[in-house]
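Just model-v9.txt here, compact mmCIF, C-alpha atoms:
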# COMPACT_ATOMS: atom_id res chain seq x y z
CA MET A 206 53.89 146.90 35.81
CA PHE A 207 53.42 145.36 39.23
CA ALA A 208 51.12 142.46 39.95
CA LYS A 209 47.84 143.33 41.66
CA ASN A 210 48.89 141.74 44.91
CA ALA A 211 52.38 143.25 44.89
CA TYR A 212 51.57 146.42 46.78
CA PRO A 213 50.69 144.95 50.20
CA THR A 214 53.86 142.86 50.11
CA MET A 215 55.95 145.80 48.97
CA ALA A 216 54.46 148.04 51.64
CA LEU A 217 55.14 145.57 54.43
CA THR A 218 58.68 144.94 53.17
CA LEU A 219 59.59 148.62 53.03
CA LEU A 220 58.00 149.21 56.42
CA ALA A 221 59.98 146.35 57.94
CA LEU A 222 63.23 147.58 56.42
CA CYS A 223 62.60 151.04 57.76
CA CYS A 224 61.91 149.86 61.26
CA VAL A 225 64.77 147.36 61.59
CA GLY A 226 67.15 148.54 64.27
CA SER A 227 64.80 151.21 65.60
CA SER A 228 62.34 149.02 67.49
CA THR A 229 64.71 146.58 69.22
CA VAL A 230 63.99 146.42 72.95
CA TYR A 231 66.75 145.60 75.39
CA ALA A 232 65.34 144.15 78.58
CA GLU A 233 68.60 144.18 80.53
CA GLY A 234 71.13 145.80 78.25
CA SER A 235 74.46 144.33 77.24
CA ASP A 236 77.04 142.92 79.62
CA PRO A 237 80.03 145.10 80.58
CA VAL A 238 83.30 144.28 78.84
CA SER A 239 86.94 145.17 79.39
CA ASP A 240 88.38 147.81 77.10
CA ARG A 241 89.88 146.07 74.07
CA SER A 242 90.52 149.12 71.90
CA SER A 243 93.52 149.14 69.57
CA THR A 244 95.46 151.55 71.81
CA THR A 245 94.80 149.40 74.89
CA GLN A 246 96.12 146.38 73.02
CA LYS A 247 99.22 148.37 72.06
CA LEU A 248 99.92 149.14 75.73
CA GLU A 249 99.33 145.55 76.78
CA GLY A 250 101.59 144.36 73.96
CA LEU A 251 104.65 146.24 75.28
CA PRO A 252 107.33 143.96 76.78
CA THR A 253 106.74 143.85 80.54
CA VAL A 254 109.50 145.59 82.48
CA ALA A 255 110.60 144.06 85.79
CA LEU A 256 109.12 145.99 88.74
CA ALA A 257 112.53 146.96 90.16
CA ALA A 258 113.61 148.39 86.80
CA ARG A 259 110.56 150.60 86.27
CA PRO A 260 110.93 154.36 86.82
CA MET A 261 108.88 155.84 89.68
CA VAL A 262 106.36 158.20 88.07
CA THR A 263 103.29 160.20 88.98
CA VAL A 264 100.78 162.61 87.47
CA TYR A 265 99.27 165.36 89.61
CA GLU A 266 96.56 166.63 87.30
CA VAL A 267 95.62 166.47 83.65
CA THR A 268 94.50 169.95 82.70
CA SER A 269 91.87 170.60 80.06
CA ASN A 270 91.20 173.55 77.80
CA VAL A 271 88.26 171.66 76.32
CA SER A 272 84.92 172.39 78.02
CA GLU A 273 83.50 168.91 77.33
CA ILE A 274 86.30 167.17 79.24
CA ASP A 275 86.44 167.00 83.04
CA ALA A 276 90.02 167.36 84.34
CA ARG A 277 89.52 164.97 87.28
CA ALA A 278 88.19 162.21 85.06
CA ALA A 279 91.03 162.82 82.62
CA THR A 280 93.60 162.47 85.44
CA THR A 281 92.12 159.14 86.49
CA MET A 282 92.20 157.89 82.89
CA PHE A 283 95.82 158.95 82.45
CA THR A 284 96.84 157.15 85.65
CA THR A 285 95.03 154.01 84.51
CA ALA A 286 96.83 154.10 81.16
CA LEU A 287 100.22 154.40 82.89
CA VAL A 288 99.46 151.34 85.02
CA LYS A 289 98.14 149.33 82.05
CA SER A 290 101.42 149.80 80.18
CA LYS A 291 103.36 147.85 82.88
CA GLN A 292 106.34 150.12 82.20
CA PHE A 293 106.18 152.36 85.29
CA ARG A 294 105.78 152.26 89.06
CA VAL A 295 102.88 154.69 89.37
CA LEU A 296 102.61 156.68 92.61
CA GLU A 297 99.32 158.19 93.74
CA ARG A 298 99.37 161.93 94.36
CA ASN A 299 96.09 163.39 93.16
CA LYS A 300 93.93 161.65 95.80
CA ILE A 301 96.54 160.77 98.37
CA THR A 302 94.84 162.75 101.15
CA ASN A 303 91.58 160.85 100.66
CA GLY A 304 93.09 157.37 100.73
CA VAL A 305 96.71 156.81 101.73
CA ALA A 306 96.91 159.68 104.25
CA ARG A 307 93.72 158.64 106.03
CA GLU A 308 94.83 155.03 106.25
CA ARG A 309 98.19 156.09 107.67
CA GLU A 310 96.45 158.31 110.20
CA MET A 311 94.31 155.38 111.41
CA ASN A 312 97.46 153.28 111.69
CA GLN A 313 99.23 155.99 113.67
CA THR A 314 96.37 156.18 116.19
CA GLY A 315 96.28 152.40 116.60
CA VAL A 316 92.97 151.84 114.85
CA THR A 317 94.62 149.52 112.29
CA THR A 318 97.36 146.93 112.64
CA GLY A 319 100.89 147.12 111.23
CA ASN A 320 103.39 149.97 111.04
CA SER A 321 102.53 151.65 107.74
CA SER A 322 102.45 155.10 109.37
CA THR A 323 106.18 154.90 110.18
CA LYS A 324 107.21 154.18 106.59
CA GLN A 325 108.14 156.82 104.06
CA ILE A 326 105.96 157.26 101.00
CA LYS A 327 107.98 156.57 97.88
CA GLY A 328 109.12 159.56 95.88
CA ALA A 329 108.71 159.96 92.13
CA ASN A 330 111.65 160.43 89.79
CA VAL A 331 109.48 161.55 86.90
CA ILE A 332 106.30 163.61 86.66
CA PHE A 333 103.94 163.48 83.70
CA GLU A 334 102.17 166.70 82.78
CA ALA A 335 99.31 166.39 80.29
CA THR A 336 97.07 169.04 78.78
CA LEU A 337 94.08 168.50 76.53
CA SER A 338 94.91 171.54 74.46
CA GLU A 339 92.95 171.40 71.21
CA ALA A 340 89.39 170.90 70.08
CA THR A 341 88.35 171.60 66.52
CA ALA A 342 84.61 171.28 65.95
CA ALA A 343 83.41 170.24 62.49
CA LYS A 344 86.88 170.02 61.00
CA SER A 345 85.15 168.49 58.00
CA SER A 346 81.54 167.65 57.24
CA GLY A 347 79.30 166.47 54.44
CA SER A 348 75.67 165.61 53.80
CA GLY A 349 73.39 164.50 50.99
CA VAL A 350 69.80 163.61 50.16
CA PHE A 351 68.43 161.17 47.57
CA SER A 352 64.78 161.46 46.58
CA ILE A 353 62.55 159.29 44.41
CA GLY A 354 58.78 159.31 44.14
CA GLY A 355 58.43 161.32 47.34
CA MET A 356 60.67 159.04 49.42
CA GLN A 357 63.85 160.63 50.76
CA LEU A 358 67.07 159.03 51.97
CA GLY A 359 69.45 161.38 53.74
CA GLY A 360 72.83 161.10 55.41
CA GLY A 361 75.71 163.14 56.68
CA SER A 362 78.95 162.95 58.61
CA THR A 363 81.08 165.29 60.71
CA GLN A 364 84.70 165.03 61.79
CA ASP A 365 85.80 166.86 64.97
CA GLU A 366 89.36 166.74 66.31
CA VAL A 367 90.89 166.76 69.80
CA GLY A 368 94.55 167.01 70.74
CA MET A 369 96.75 166.54 73.80
CA ASP A 370 100.27 167.57 74.83
CA VAL A 371 102.28 165.46 77.29
CA ARG A 372 105.56 166.47 78.93
CA VAL A 373 107.92 164.33 81.01
CA LEU A 374 109.67 166.22 83.84
CA SER A 375 112.67 165.21 85.94
CA VAL A 376 111.94 165.73 89.65
CA GLY A 377 115.67 165.98 90.43
CA THR A 378 116.57 168.67 87.90
CA GLY A 379 113.28 170.15 86.70
CA GLU A 380 114.36 169.36 83.16
CA VAL A 381 111.82 168.48 80.48
CA LEU A 382 113.06 165.02 79.52
CA ASP A 383 110.59 164.33 76.72
CA ALA A 384 107.39 165.63 75.13
CA ILE A 385 104.80 164.49 72.64
CA ASN A 386 101.59 165.80 71.13
CA VAL A 387 98.86 163.56 69.71
CA ARG A 388 95.63 164.23 67.82
CA LYS A 389 92.52 162.19 67.14
CA GLU A 390 89.47 162.65 64.97
CA VAL A 391 86.05 162.17 66.58
CA ALA A 392 83.56 161.00 63.97
CA SER A 393 79.78 161.29 63.92
CA SER A 394 77.20 160.30 61.32
CA GLN A 395 73.46 160.67 60.75
CA ASN A 396 71.03 158.78 58.48
CA SER A 397 67.34 159.24 57.79
CA MET A 398 64.55 157.77 55.68
CA SER A 399 61.09 159.23 55.14
CA GLY A 400 58.25 159.38 52.63
CA ILE A 401 57.77 155.64 52.09
CA GLY A 402 54.03 156.20 51.88
CA SER A 403 54.52 158.85 49.21
CA LEU A 404 56.58 156.45 47.12
CA LEU A 405 53.94 153.72 47.42
CA GLY A 406 51.24 156.20 46.49
CA THR A 407 53.22 157.31 43.45
CA LEU A 408 53.76 153.74 42.30
CA ALA A 409 50.06 152.96 42.76
CA ALA A 410 48.97 156.06 40.88
CA ASN A 411 51.33 155.27 38.00
CA SER A 412 49.74 151.84 37.64
CA GLY A 413 46.19 153.15 37.91
CA ARG A 414 45.50 151.68 41.32
CA ASP A 415 43.79 153.31 44.28
CA LEU A 416 45.05 152.30 47.72
CA GLN A 417 41.90 153.81 49.25
CA GLY A 418 43.75 155.61 52.03
CA LEU A 419 45.49 152.48 53.28
CA THR A 420 48.96 153.55 52.22
CA PRO A 421 51.37 152.67 55.09
CA ASP A 422 54.05 155.14 55.98
CA ALA A 423 57.07 155.21 58.27
CA SER A 424 60.22 157.21 58.92
CA PHE A 425 63.58 156.33 60.39
CA GLN A 426 66.43 158.39 61.83
CA SER A 427 69.70 157.30 63.39
CA ALA A 428 72.82 159.03 64.64
CA ARG A 429 76.14 157.74 65.86
CA LYS A 430 79.02 159.58 67.49
CA GLU A 431 82.22 158.36 69.10
CA GLY A 432 82.23 159.25 72.78
CA MET A 433 84.61 162.00 73.88
CA ASP A 434 85.81 159.86 76.79
CA ARG A 435 86.76 157.06 74.38
CA ALA A 436 88.66 159.53 72.21
CA MET A 437 90.39 160.92 75.29
CA ARG A 438 91.53 157.46 76.43
CA ALA A 439 92.85 156.72 72.97
CA LEU A 440 94.90 159.96 73.00
CA MET A 441 96.44 159.13 76.37
CA GLU A 442 97.17 155.51 75.58
CA GLN A 443 98.82 156.40 72.28
CA ALA A 444 100.99 159.05 73.96
CA ILE A 445 102.07 156.68 76.76
CA PHE A 446 102.69 153.88 74.27
CA GLU A 447 105.17 156.05 72.36
CA LEU A 448 106.80 157.62 75.43
CA ALA A 449 107.24 154.24 77.15
CA GLN A 450 109.53 153.14 74.35
CA ARG A 451 111.84 156.11 74.96
CA THR A 452 112.42 155.81 78.73
CA SER A 453 116.05 154.78 78.19
CA GLN A 454 116.66 158.27 76.80
CA TRP A 455 115.51 159.94 80.03
CA VAL A 456 118.57 158.89 82.04

Using structure tokens, write down the structure from this file.
Amino acid sequence: MFAKNAYPTMALTLLALCCVGSSTVYAEGSDPVSDRSSTTQKLEGLPTVALAARPMVTVYEVTSNVSEIDARAATTMFTTALVKSKQFRVLERNKITNGVAREREMNQTGVTTGNSSTKQIKGANVIFEATLSEATAAKSSGSGVFSIGGMQLGGGSTQDEVGMDVRVLSVGTGEVLDAINVRKEVASSQNSMSGIGSLLGTLAANSGRDLQGLTPDASFQSARKEGMDRAMRALMEQAIFELAQRTSQWV
């Protein structure tokens, strides 16, 4: 049996628990932060190779067979990961006409100072080719509901999977020097709560009390999913981390 004054307190407590996390207001949002994911830390933890000893590499385009992933964004991410590893001298090719070529043209016409237009652009010894080749939706999933006195607690999770193939090509011979394929699960989850008022009404009825229509009620739903761009970065960084440790085998 509950004390006569227990129901208002219980109602307010359950209502507060239900609403925690769903009513928070962010006036300005959170501050931006540098990527400190586990794969980024792996790349940054590699022994730094002296600039003169690094192989000259480039990537023209990361292709994608996955509709959710933009190939241009993927190419930029792959280039960033190569630079972050501090194992390669990365040469721009994908956007060279929009940046380097225009700057050299201005130099050639005398608009800018210096003699950059007379210098040769460095050539790559190695080309990376990357393809986002796999996407398995709902590789595994599960859900469940718990009900008591009219209140329901529900939850579920889904595991998708994406994969990427990376090849390392020799510019001089056209030979495939190395290759790797990596996969990553992309997790999502959902939780819900409803029927708090029904539970309070049931408890009141069982104790012979009448709440006189003042039964509070609330519901709560939340969902969380790892971003595809985050999963894509992790794939690339893991592939480069492993390939960077095998560069001595490419000679």

**Message:** For a test of reading the model, state the distance in Å between atom CA of A:Leu296 and atom CA of A:Val262, rounded to one decimal.
**Reply:**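 Interatomic distance, atom CA of A:Leu296 to atom CA of A:Val262: 6.1 Å.
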
**Request:** For A:Val350, work out the shell of residues within 8 Å, counting only C-alpha atoms and skipping chain neighbours fewer than 3 positions away, then give it as a ChimeraX atom specification.
**Result:** /A:357-360

Next, the residues of the selection above should be written as a tab-separated table (two decimals), in the coordinates of the input with C-alpha atoms.
chain	number	residue	atom	x	y	z
A	357	GLN	CA	63.85	160.63	50.76
A	358	LEU	CA	67.07	159.03	51.97
A	359	GLY	CA	69.45	161.38	53.74
A	360	GLY	CA	72.83	161.10	55.41

**Prompt:** Which residue out of A:Ala279, A:Val271, A:Ala255, A:Met261 has the minimum interatomic distance to A:Leu440 when all atoms listed in the file are used?
**Reply:**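 Between A:Ala279, A:Val271, A:Ala255, A:Met261, the residue approaching A:Leu440 most closely is A:Ala279.
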
**Request:** Tell me which of A:Ile326, A:Val376, A:Met437, A:Val254 sits closest to A:Trp455, counting all atoms listed in the file.
**Result:**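 That would be A:Val376, the residue with the smallest distance to A:Trp455.
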
**Item:** Nearest to A:Phe425 by atom-to-atom distance, counting all atoms listed in the file, from A:Ser399, A:Ser242, A:Thr263, A:Asn312
**Value:** A:Ser399

**Item:** Closest of A:Ile274, A:Leu256, A:Val267, A:Leu448 to A:Lys291 - atom-to-atom distances counting all atoms listed in the file
**Value:**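 Of A:Ile274, A:Leu256, A:Val267, A:Leu448, the one nearest A:Lys291 is A:Leu256, counting all atoms listed in the file.
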
**Message:** Residues within 6 Å of stretch 386-392 of chain A, please, as a ChimeraX atom specification. Count only C-alpha atoms; anything in the same chain fewer than 2 positions from it doesn't count.
**Reply:** /A:363-370,430-431

Atoms kept (C-alpha atoms) for selection, written as a PDB file, in the coordinates of the input:
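Output file part-v5.pdb follows:
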ATOM      1  CA  THR A 363      81.080 165.290  60.710  1.00  0.00           C
ATOM      2  CA  GLN A 364      84.700 165.030  61.790  1.00  0.00           C
ATOM      3  CA  ASP A 365      85.800 166.860  64.970  1.00  0.00           C
ATOM      4  CA  GLU A 366      89.360 166.740  66.310  1.00  0.00           C
ATOM      5  CA  VAL A 367      90.890 166.760  69.800  1.00  0.00           C
ATOM      6  CA  GLY A 368      94.550 167.010  70.740  1.00  0.00           C
ATOM      7  CA  MET A 369      96.750 166.540  73.800  1.00  0.00           C
ATOM      8  CA  ASP A 370     100.270 167.570  74.830  1.00  0.00           C
ATOM      9  CA  LYS A 430      79.020 159.580  67.490  1.00  0.00           C
ATOM     10  CA  GLU A 431      82.220 158.360  69.100  1.00  0.00           C
TER      11      GLU A 431
END

**Prompt:** Using only C-alpha atoms, which of A:Thr407, A:Gln313, A:Ser424, A:Ser338 sits nearest A:Ser269?
**Reply:**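 The answer is A:Ser338, which sits nearest to A:Ser269.
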
Find the residues near A:Thr280: any atom within 10 Å, counting all atoms listed in the file, skip ones fewer than 5 places away on the same chain, and give them as an mmCIF file with C-alpha atoms, in the coordinates of the input.
data_model
loop_
_atom_site.group_PDB
_atom_site.id
_atom_site.type_symbol
_atom_site.label_atom_id
_atom_site.label_comp_id
_atom_site.auth_asym_id
_atom_site.auth_seq_id
_atom_site.Cartn_x
_atom_site.Cartn_y
_atom_site.Cartn_z
ATOM 1 C CA VAL A 264 100.780 162.610 87.470
ATOM 2 C CA TYR A 265 99.270 165.360 89.610
ATOM 3 C CA GLU A 266 96.560 166.630 87.300
ATOM 4 C CA VAL A 267 95.620 166.470 83.650
ATOM 5 C CA THR A 268 94.500 169.950 82.700
ATOM 6 C CA SER A 269 91.870 170.600 80.060
ATOM 7 C CA ASP A 275 86.440 167.000 83.040
ATOM 8 C CA THR A 285 95.030 154.010 84.510
ATOM 9 C CA ALA A 286 96.830 154.100 81.160
ATOM 10 C CA ASN A 299 96.090 163.390 93.160
ATOM 11 C CA GLU A 334 102.170 166.700 82.780
ATOM 12 C CA ALA A 335 99.310 166.390 80.290
ATOM 13 C CA THR A 336 97.070 169.040 78.780
#

**Asked** Using only C-alpha atoms, which of the listed residues (A:Gly402, A:Gly361, A:Pro260, A:Gly304) sits closest to A:Gln426?
**Response**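 Of all the options, A:Gly361 lies closest to A:Gln426.
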
**Item:** Coordinates-based distance that separates atom CA of A:Ser393 from atom CA of A:Phe351 (Å, one decimal)
**Value:**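 Value for the atom CA of A:Phe351-atom CA of A:Ser393 distance: 19.9 Å.
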
**Prompt:** Residues at most 7 Å from A:Glu442, counting all atoms listed in the file, excluding those fewer than 5 positions away in the same chain, as a PyMOL selection string?
**Reply:** chain A and resi 244-245+248+286
